[in-house]
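Data from my_file_24.cif: mmCIF, C-alpha atoms
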data_final
loop_
_atom_site.label_atom_id
_atom_site.label_comp_id
_atom_site.auth_asym_id
_atom_site.auth_seq_id
_atom_site.Cartn_x
_atom_site.Cartn_y
_atom_site.Cartn_z
CA MET A 2 -23.97 30.53 -0.14
CA THR A 3 -22.89 30.28 -3.78
CA ALA A 4 -20.02 28.41 -5.35
CA ARG A 5 -18.16 31.73 -5.64
CA SER A 6 -18.18 32.19 -1.89
CA GLY A 7 -16.12 29.14 -1.09
CA GLY A 8 -17.89 26.33 -2.92
CA LYS A 9 -20.07 25.25 0.01
CA ARG A 10 -23.31 25.21 -2.02
CA ASN A 11 -21.66 23.17 -4.73
CA THR A 12 -20.44 20.69 -2.10
CA ILE A 13 -23.92 20.39 -0.59
CA GLN A 14 -25.46 19.92 -4.03
CA ARG A 15 -22.83 17.35 -4.96
CA ALA A 16 -23.50 15.42 -1.74
CA MET A 17 -27.26 15.43 -2.48
CA ILE A 18 -26.65 14.19 -6.02
CA PHE A 19 -24.26 11.48 -4.82
CA GLU A 20 -26.84 10.38 -2.24
CA ALA A 21 -29.52 10.25 -4.95
CA VAL A 22 -27.37 7.98 -7.16
CA GLN A 23 -26.74 5.72 -4.18
CA SER A 24 -30.42 5.56 -3.23
CA LEU A 25 -31.55 4.80 -6.80
CA HIS A 26 -30.22 1.28 -7.23
CA THR A 27 -31.51 1.36 -10.80
CA HIS A 28 -28.52 2.85 -12.62
CA PRO A 29 -30.36 6.16 -13.03
CA THR A 30 -30.14 8.57 -15.92
CA GLY A 31 -29.30 12.20 -15.23
CA GLU A 32 -32.99 13.05 -15.63
CA GLU A 33 -33.95 10.49 -12.96
CA VAL A 34 -31.35 11.88 -10.55
CA TYR A 35 -32.61 15.39 -11.29
CA ALA A 36 -36.23 14.40 -10.54
CA LEU A 37 -35.28 12.90 -7.17
CA VAL A 38 -33.02 15.77 -6.11
CA ARG A 39 -35.54 18.36 -7.31
CA SER A 40 -38.26 16.78 -5.17
CA LYS A 41 -36.17 17.67 -2.11
CA TYR A 42 -34.41 20.78 -3.47
CA PRO A 43 -36.80 22.47 -5.98
CA SER A 44 -34.42 25.27 -6.97
CA ILE A 45 -31.71 22.96 -8.36
CA SER A 46 -31.22 23.08 -12.13
CA LEU A 47 -30.74 20.21 -14.54
CA ALA A 48 -27.40 21.72 -15.59
CA THR A 49 -26.22 21.66 -11.96
CA VAL A 50 -27.19 18.01 -11.63
CA TYR A 51 -25.31 17.04 -14.81
CA ARG A 52 -22.27 19.14 -13.89
CA ASN A 53 -22.06 17.42 -10.50
CA LEU A 54 -22.71 13.95 -11.95
CA ASN A 55 -19.82 14.53 -14.36
CA THR A 56 -17.58 15.76 -11.53
CA LEU A 57 -18.46 12.75 -9.36
CA ALA A 58 -17.71 10.42 -12.29
CA GLU A 59 -14.39 12.16 -13.05
CA GLU A 60 -13.43 11.85 -9.37
CA GLY A 61 -14.27 8.12 -9.44
CA GLN A 62 -17.03 8.39 -6.83
CA ILE A 63 -19.64 7.08 -9.28
CA LYS A 64 -19.40 5.40 -12.64
CA ARG A 65 -20.74 6.84 -15.90
CA ILE A 66 -22.14 4.15 -18.19
CA CYS A 67 -22.37 5.03 -21.87
CA VAL A 68 -25.26 3.12 -23.43
CA PRO A 69 -25.37 3.15 -27.24
CA GLY A 70 -28.74 4.38 -28.46
CA ALA A 71 -29.93 5.36 -24.97
CA ALA A 72 -29.27 7.93 -22.26
CA GLU A 73 -26.07 7.48 -20.28
CA ARG A 74 -26.57 6.11 -16.80
CA PHE A 75 -24.78 6.44 -13.48
CA ASP A 76 -23.79 3.71 -11.04
CA PHE A 77 -22.78 3.94 -7.41
CA ASN A 78 -20.84 0.66 -7.78
CA THR A 79 -17.47 1.70 -9.20
CA LYS A 80 -15.93 -1.78 -9.17
CA PRO A 81 -15.60 -3.40 -12.61
CA HIS A 82 -18.76 -5.34 -13.47
CA TYR A 83 -21.09 -6.03 -16.38
CA HIS A 84 -24.55 -4.66 -17.19
CA ILE A 85 -27.55 -5.85 -19.16
CA ARG A 86 -30.29 -3.79 -20.84
CA CYS A 87 -33.65 -4.82 -22.25
CA GLU A 88 -34.03 -3.54 -25.80
CA LYS A 89 -37.79 -3.21 -25.43
CA CYS A 90 -38.59 -1.81 -21.96
CA GLY A 91 -35.18 -0.30 -21.16
CA GLN A 92 -34.69 -2.19 -17.90
CA PHE A 93 -31.03 -1.87 -16.91
CA ALA A 94 -29.28 -4.04 -14.31
CA ASP A 95 -26.02 -5.52 -13.10
CA VAL A 96 -25.12 -8.95 -14.45
CA PRO A 97 -24.76 -11.24 -11.42
CA LEU A 98 -21.47 -12.79 -12.56
CA GLU A 99 -17.93 -12.17 -11.40
CA TYR A 100 -15.88 -9.76 -13.49
CA ASP A 101 -13.17 -11.47 -15.59
CA ASP A 102 -9.81 -9.64 -15.37
CA LYS A 103 -8.31 -12.16 -17.79
CA MET A 104 -10.45 -10.89 -20.64
CA VAL A 105 -9.14 -7.35 -20.12
CA GLU A 106 -5.55 -8.67 -20.17
CA LEU A 107 -6.26 -10.64 -23.37
CA ILE A 108 -7.73 -7.57 -25.07
CA ALA A 109 -4.75 -5.44 -24.02
CA ARG A 110 -2.29 -7.99 -25.40
CA ALA A 111 -4.26 -8.51 -28.63
CA THR A 112 -4.57 -4.79 -29.37
CA GLY A 113 -1.47 -3.29 -27.78
CA TYR A 114 -3.67 -0.82 -25.91
CA THR A 115 -3.01 0.24 -22.34
CA LEU A 116 -6.54 -0.09 -20.99
CA HIS A 117 -7.86 2.35 -18.40
CA GLN A 118 -11.48 1.29 -18.21
CA GLN A 119 -14.05 -0.88 -19.88
CA GLU A 120 -17.79 -0.95 -20.10
CA MET A 121 -19.65 -4.00 -21.27
CA VAL A 122 -23.41 -3.76 -21.67
CA PHE A 123 -25.24 -6.83 -22.92
CA THR A 124 -28.58 -6.26 -24.66
CA GLY A 125 -31.56 -8.49 -25.27
CA LEU A 126 -35.10 -9.00 -24.02
CA CYS A 127 -35.82 -9.27 -20.31
CA PRO A 128 -37.90 -12.30 -19.25
CA ASP A 129 -41.14 -10.26 -19.14
CA CYS A 130 -40.63 -8.75 -22.60
CA ALA A 131 -39.58 -12.14 -24.02
CA LYS A 132 -42.82 -13.71 -22.68
CA GLU A 133 -44.85 -10.84 -24.16
CA ALA A 134 -43.15 -11.32 -27.53
CA LEU A 135 -44.23 -14.97 -27.56
CA SER A 136 -47.87 -14.11 -26.83
#

Write out the structure in this file as structure tokens.
Amino acid sequence: MTARSGGKRNTIQRAMIFEAVQSLHTHPTGEEVYALVRSKYPSISLATVYRNLNTLAEEGQIKRICVPGAAERFDFNTKPHYHIRCEKCGQFADVPLEYDDKMVELIARATGYTLHQQEMVFTGLCPDCAKEALS
């Protein structure tokens, strides 16, 4: 069944893509989600994966993370939290610290903006890459 005949295929594809993001606890890129979904559903296109990732993000079911200088990533955890990325190997992870609502309030007051969302990605060298750099 196609999307034109009631949207069932699109719903099935969206569910598969959502499940893939949830199963990849690595903050996957669209390409990584595509590779996983395609292994189970070979006829899916990259465009379909990206279209559904964007829809899921717009609906608030997943979070889109814009990473300067790198591919955007997707996160199943939609609660506000911080991320960290290794500049050398690209490892990307959650920062295991509690989110600070006060900082968002301070930024809103200081700028006059009404804030809708934030994304903070720290960058540096992961422990393995830092050790390698010292060798």

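Between Arg65 (chain A) and the residues A:Ile45, A:Val96, A:Cys87, A:Val22, the shortest atom-to-atom distance, using all atoms listed in the file, involves A:Val22.
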
* **Residue nearest Arg74 (chain A) among A:Ser44, A:Thr30, A:Ser24, A:Thr112 (counting only C-alpha atoms)** =>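 When distances to Arg74 (chain A) are compared using only C-alpha atoms, the smallest one comes from A:Thr30.
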
Expand the PyMOL selection byres ((chain A and resi 121-134) around 9) into the explicit residue set it covers here, and present it as a compact mmCIF listing (two decimals) with C-alpha atoms, keeping the file's coordinate frame.
# COMPACT_ATOMS: atom_id res chain seq x y z
CA ILE A 66 -22.14 4.15 -18.19
CA CYS A 67 -22.37 5.03 -21.87
CA VAL A 68 -25.26 3.12 -23.43
CA HIS A 82 -18.76 -5.34 -13.47
CA TYR A 83 -21.09 -6.03 -16.38
CA HIS A 84 -24.55 -4.66 -17.19
CA ILE A 85 -27.55 -5.85 -19.16
CA ARG A 86 -30.29 -3.79 -20.84
CA CYS A 87 -33.65 -4.82 -22.25
CA GLU A 88 -34.03 -3.54 -25.80
CA LYS A 89 -37.79 -3.21 -25.43
CA CYS A 90 -38.59 -1.81 -21.96
CA GLN A 92 -34.69 -2.19 -17.90
CA VAL A 96 -25.12 -8.95 -14.45
CA GLN A 119 -14.05 -0.88 -19.88
CA GLU A 120 -17.79 -0.95 -20.10
CA LEU A 135 -44.23 -14.97 -27.56
CA SER A 136 -47.87 -14.11 -26.83

* Counting all atoms listed in the file, which of A:Glu33, A:Ala16, A:Val38, A:Ala94 gets nearest to Ile63 (chain A)? -> A:Ala16

Please return the centre and edge lengths, in Å to one decimal, of a box with edges along x, y and z that contains all listed atoms of region 33-37 of chain A, widened by 8 Å on every side, as lines of an AutoDock Vina configuration file.
center_x = -33.8
center_y = 12.9
center_z = -10.1
size_x = 20.9
size_y = 20.9
size_z = 21.8

* Find the residues with any atom within 12 Å of (-31.3, 1.0, -7.0); use all atoms listed in the file and the coordinates as given in the file, and write the answer as a ChimeraX atom specification. => /A:20-30,33-34,75-78,92-95

* If we count all atoms listed in the file, what is near region 102-106 of chain A at a cut-off of 9 Å, once residues fewer than 4 positions away on the same chain are taken out, given as a list of chain:residue names? -> A:Pro81, A:Arg110, A:Ala111, A:Leu116, A:Gln119

* To do: Between A:Ser40, A:Glu32, A:Arg15, A:Leu57, single out the one closest to Ala72 (chain A), counting only C-alpha atoms.
  =>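 With only C-alpha atoms as the atom set, the closest residue is A:Glu32.
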
* **Nearest to Ser46 (chain A), chosen from A:Glu59, A:Gln118, A:Ile18, A:Leu98, with all atoms listed in the file counted in the distances** =>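 Looking only at the distances to Ser46 (chain A), the closest residue turns out to be A:Ile18.
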
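Nearest residue to Asn55 (chain A) among A:Gly70, A:Gly91, A:Gly31, A:Pro43 is A:Gly31, counting only C-alpha atoms.
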
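The two atoms in question, CA of Gly61 (chain A) and CA of Gln14 (chain A), are spaced 17.1 Å apart.
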
Would you kindly place N, CA, C and O atoms on region 72-95 of chain A and return the model as an mmCIF file, in the frame of the given file?
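Final output, saved to selection.cif:
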data_model
loop_
_atom_site.group_PDB
_atom_site.id
_atom_site.type_symbol
_atom_site.label_atom_id
_atom_site.label_comp_id
_atom_site.auth_asym_id
_atom_site.auth_seq_id
_atom_site.Cartn_x
_atom_site.Cartn_y
_atom_site.Cartn_z
ATOM 1 N N ALA A 72 -29.885 6.939 -23.148
ATOM 2 C CA ALA A 72 -29.270 7.930 -22.260
ATOM 3 C C ALA A 72 -28.178 7.267 -21.419
ATOM 4 O O ALA A 72 -28.314 6.106 -21.013
ATOM 5 N N GLU A 73 -27.100 8.021 -21.162
ATOM 6 C CA GLU A 73 -26.070 7.480 -20.280
ATOM 7 C C GLU A 73 -26.657 7.333 -18.884
ATOM 8 O O GLU A 73 -27.595 8.018 -18.504
ATOM 9 N N ARG A 74 -26.083 6.406 -18.135
ATOM 10 C CA ARG A 74 -26.570 6.110 -16.800
ATOM 11 C C ARG A 74 -25.422 6.272 -15.811
ATOM 12 O O ARG A 74 -24.258 6.372 -16.199
ATOM 13 N N PHE A 75 -25.770 6.265 -14.539
ATOM 14 C CA PHE A 75 -24.780 6.440 -13.480
ATOM 15 C C PHE A 75 -24.935 5.323 -12.465
ATOM 16 O O PHE A 75 -26.049 4.882 -12.172
ATOM 17 N N ASP A 76 -23.810 4.865 -11.938
ATOM 18 C CA ASP A 76 -23.790 3.710 -11.040
ATOM 19 C C ASP A 76 -22.980 4.050 -9.811
ATOM 20 O O ASP A 76 -21.878 4.583 -9.921
ATOM 21 N N PHE A 77 -23.514 3.726 -8.650
ATOM 22 C CA PHE A 77 -22.780 3.940 -7.410
ATOM 23 C C PHE A 77 -21.697 2.888 -7.213
ATOM 24 O O PHE A 77 -20.741 3.095 -6.483
ATOM 25 N N ASN A 78 -21.827 1.745 -7.892
ATOM 26 C CA ASN A 78 -20.840 0.660 -7.780
ATOM 27 C C ASN A 78 -19.727 0.920 -8.791
ATOM 28 O O ASN A 78 -19.919 0.749 -9.992
ATOM 29 N N THR A 79 -18.567 1.335 -8.306
ATOM 30 C CA THR A 79 -17.470 1.700 -9.200
ATOM 31 C C THR A 79 -16.521 0.538 -9.489
ATOM 32 O O THR A 79 -15.583 0.699 -10.259
ATOM 33 N N LYS A 80 -16.763 -0.611 -8.882
ATOM 34 C CA LYS A 80 -15.930 -1.780 -9.170
ATOM 35 C C LYS A 80 -16.276 -2.311 -10.562
ATOM 36 O O LYS A 80 -17.429 -2.216 -10.994
ATOM 37 N N PRO A 81 -15.296 -2.870 -11.273
ATOM 38 C CA PRO A 81 -15.600 -3.400 -12.610
ATOM 39 C C PRO A 81 -16.676 -4.487 -12.535
ATOM 40 O O PRO A 81 -16.595 -5.407 -11.713
ATOM 41 N N HIS A 82 -17.700 -4.349 -13.366
ATOM 42 C CA HIS A 82 -18.760 -5.340 -13.470
ATOM 43 C C HIS A 82 -19.511 -5.119 -14.774
ATOM 44 O O HIS A 82 -19.307 -4.128 -15.453
ATOM 45 N N TYR A 83 -20.365 -6.072 -15.121
ATOM 46 C CA TYR A 83 -21.090 -6.030 -16.380
ATOM 47 C C TYR A 83 -22.536 -5.583 -16.148
ATOM 48 O O TYR A 83 -23.070 -5.704 -15.058
ATOM 49 N N HIS A 84 -23.154 -5.098 -17.235
ATOM 50 C CA HIS A 84 -24.550 -4.660 -17.190
ATOM 51 C C HIS A 84 -25.333 -5.320 -18.304
ATOM 52 O O HIS A 84 -24.760 -5.790 -19.290
ATOM 53 N N ILE A 85 -26.656 -5.310 -18.142
ATOM 54 C CA ILE A 85 -27.550 -5.850 -19.160
ATOM 55 C C ILE A 85 -28.739 -4.902 -19.312
ATOM 56 O O ILE A 85 -29.200 -4.323 -18.326
ATOM 57 N N ARG A 86 -29.191 -4.719 -20.564
ATOM 58 C CA ARG A 86 -30.290 -3.790 -20.840
ATOM 59 C C ARG A 86 -31.306 -4.454 -21.750
ATOM 60 O O ARG A 86 -30.945 -5.091 -22.743
ATOM 61 N N CYS A 87 -32.582 -4.300 -21.397
ATOM 62 C CA CYS A 87 -33.650 -4.820 -22.250
ATOM 63 C C CYS A 87 -33.873 -3.844 -23.403
ATOM 64 O O CYS A 87 -34.053 -2.639 -23.187
ATOM 65 N N GLU A 88 -33.851 -4.365 -24.607
ATOM 66 C CA GLU A 88 -34.030 -3.540 -25.800
ATOM 67 C C GLU A 88 -35.448 -3.001 -25.938
ATOM 68 O O GLU A 88 -35.658 -2.000 -26.623
ATOM 69 N N LYS A 89 -36.399 -3.636 -25.284
ATOM 70 C CA LYS A 89 -37.790 -3.210 -25.430
ATOM 71 C C LYS A 89 -38.220 -2.244 -24.325
ATOM 72 O O LYS A 89 -38.669 -1.142 -24.605
ATOM 73 N N CYS A 90 -38.077 -2.647 -23.058
ATOM 74 C CA CYS A 90 -38.590 -1.810 -21.960
ATOM 75 C C CYS A 90 -37.524 -0.915 -21.347
ATOM 76 O O CYS A 90 -37.841 -0.023 -20.570
ATOM 77 N N GLY A 91 -36.256 -1.147 -21.680
ATOM 78 C CA GLY A 91 -35.180 -0.300 -21.160
ATOM 79 C C GLY A 91 -34.655 -0.688 -19.797
ATOM 80 O O GLY A 91 -33.770 -0.028 -19.269
ATOM 81 N N GLN A 92 -35.193 -1.761 -19.206
ATOM 82 C CA GLN A 92 -34.690 -2.190 -17.900
ATOM 83 C C GLN A 92 -33.175 -2.340 -17.963
ATOM 84 O O GLN A 92 -32.630 -2.845 -18.937
ATOM 85 N N PHE A 93 -32.496 -1.894 -16.926
ATOM 86 C CA PHE A 93 -31.030 -1.870 -16.910
ATOM 87 C C PHE A 93 -30.585 -2.430 -15.563
ATOM 88 O O PHE A 93 -31.083 -2.004 -14.525
ATOM 89 N N ALA A 94 -29.659 -3.397 -15.567
ATOM 90 C CA ALA A 94 -29.280 -4.040 -14.310
ATOM 91 C C ALA A 94 -27.842 -4.541 -14.368
ATOM 92 O O ALA A 94 -27.242 -4.642 -15.439
ATOM 93 N N ASP A 95 -27.314 -4.859 -13.186
ATOM 94 C CA ASP A 95 -26.020 -5.520 -13.100
ATOM 95 C C ASP A 95 -26.178 -6.975 -13.530
ATOM 96 O O ASP A 95 -27.216 -7.596 -13.287
#
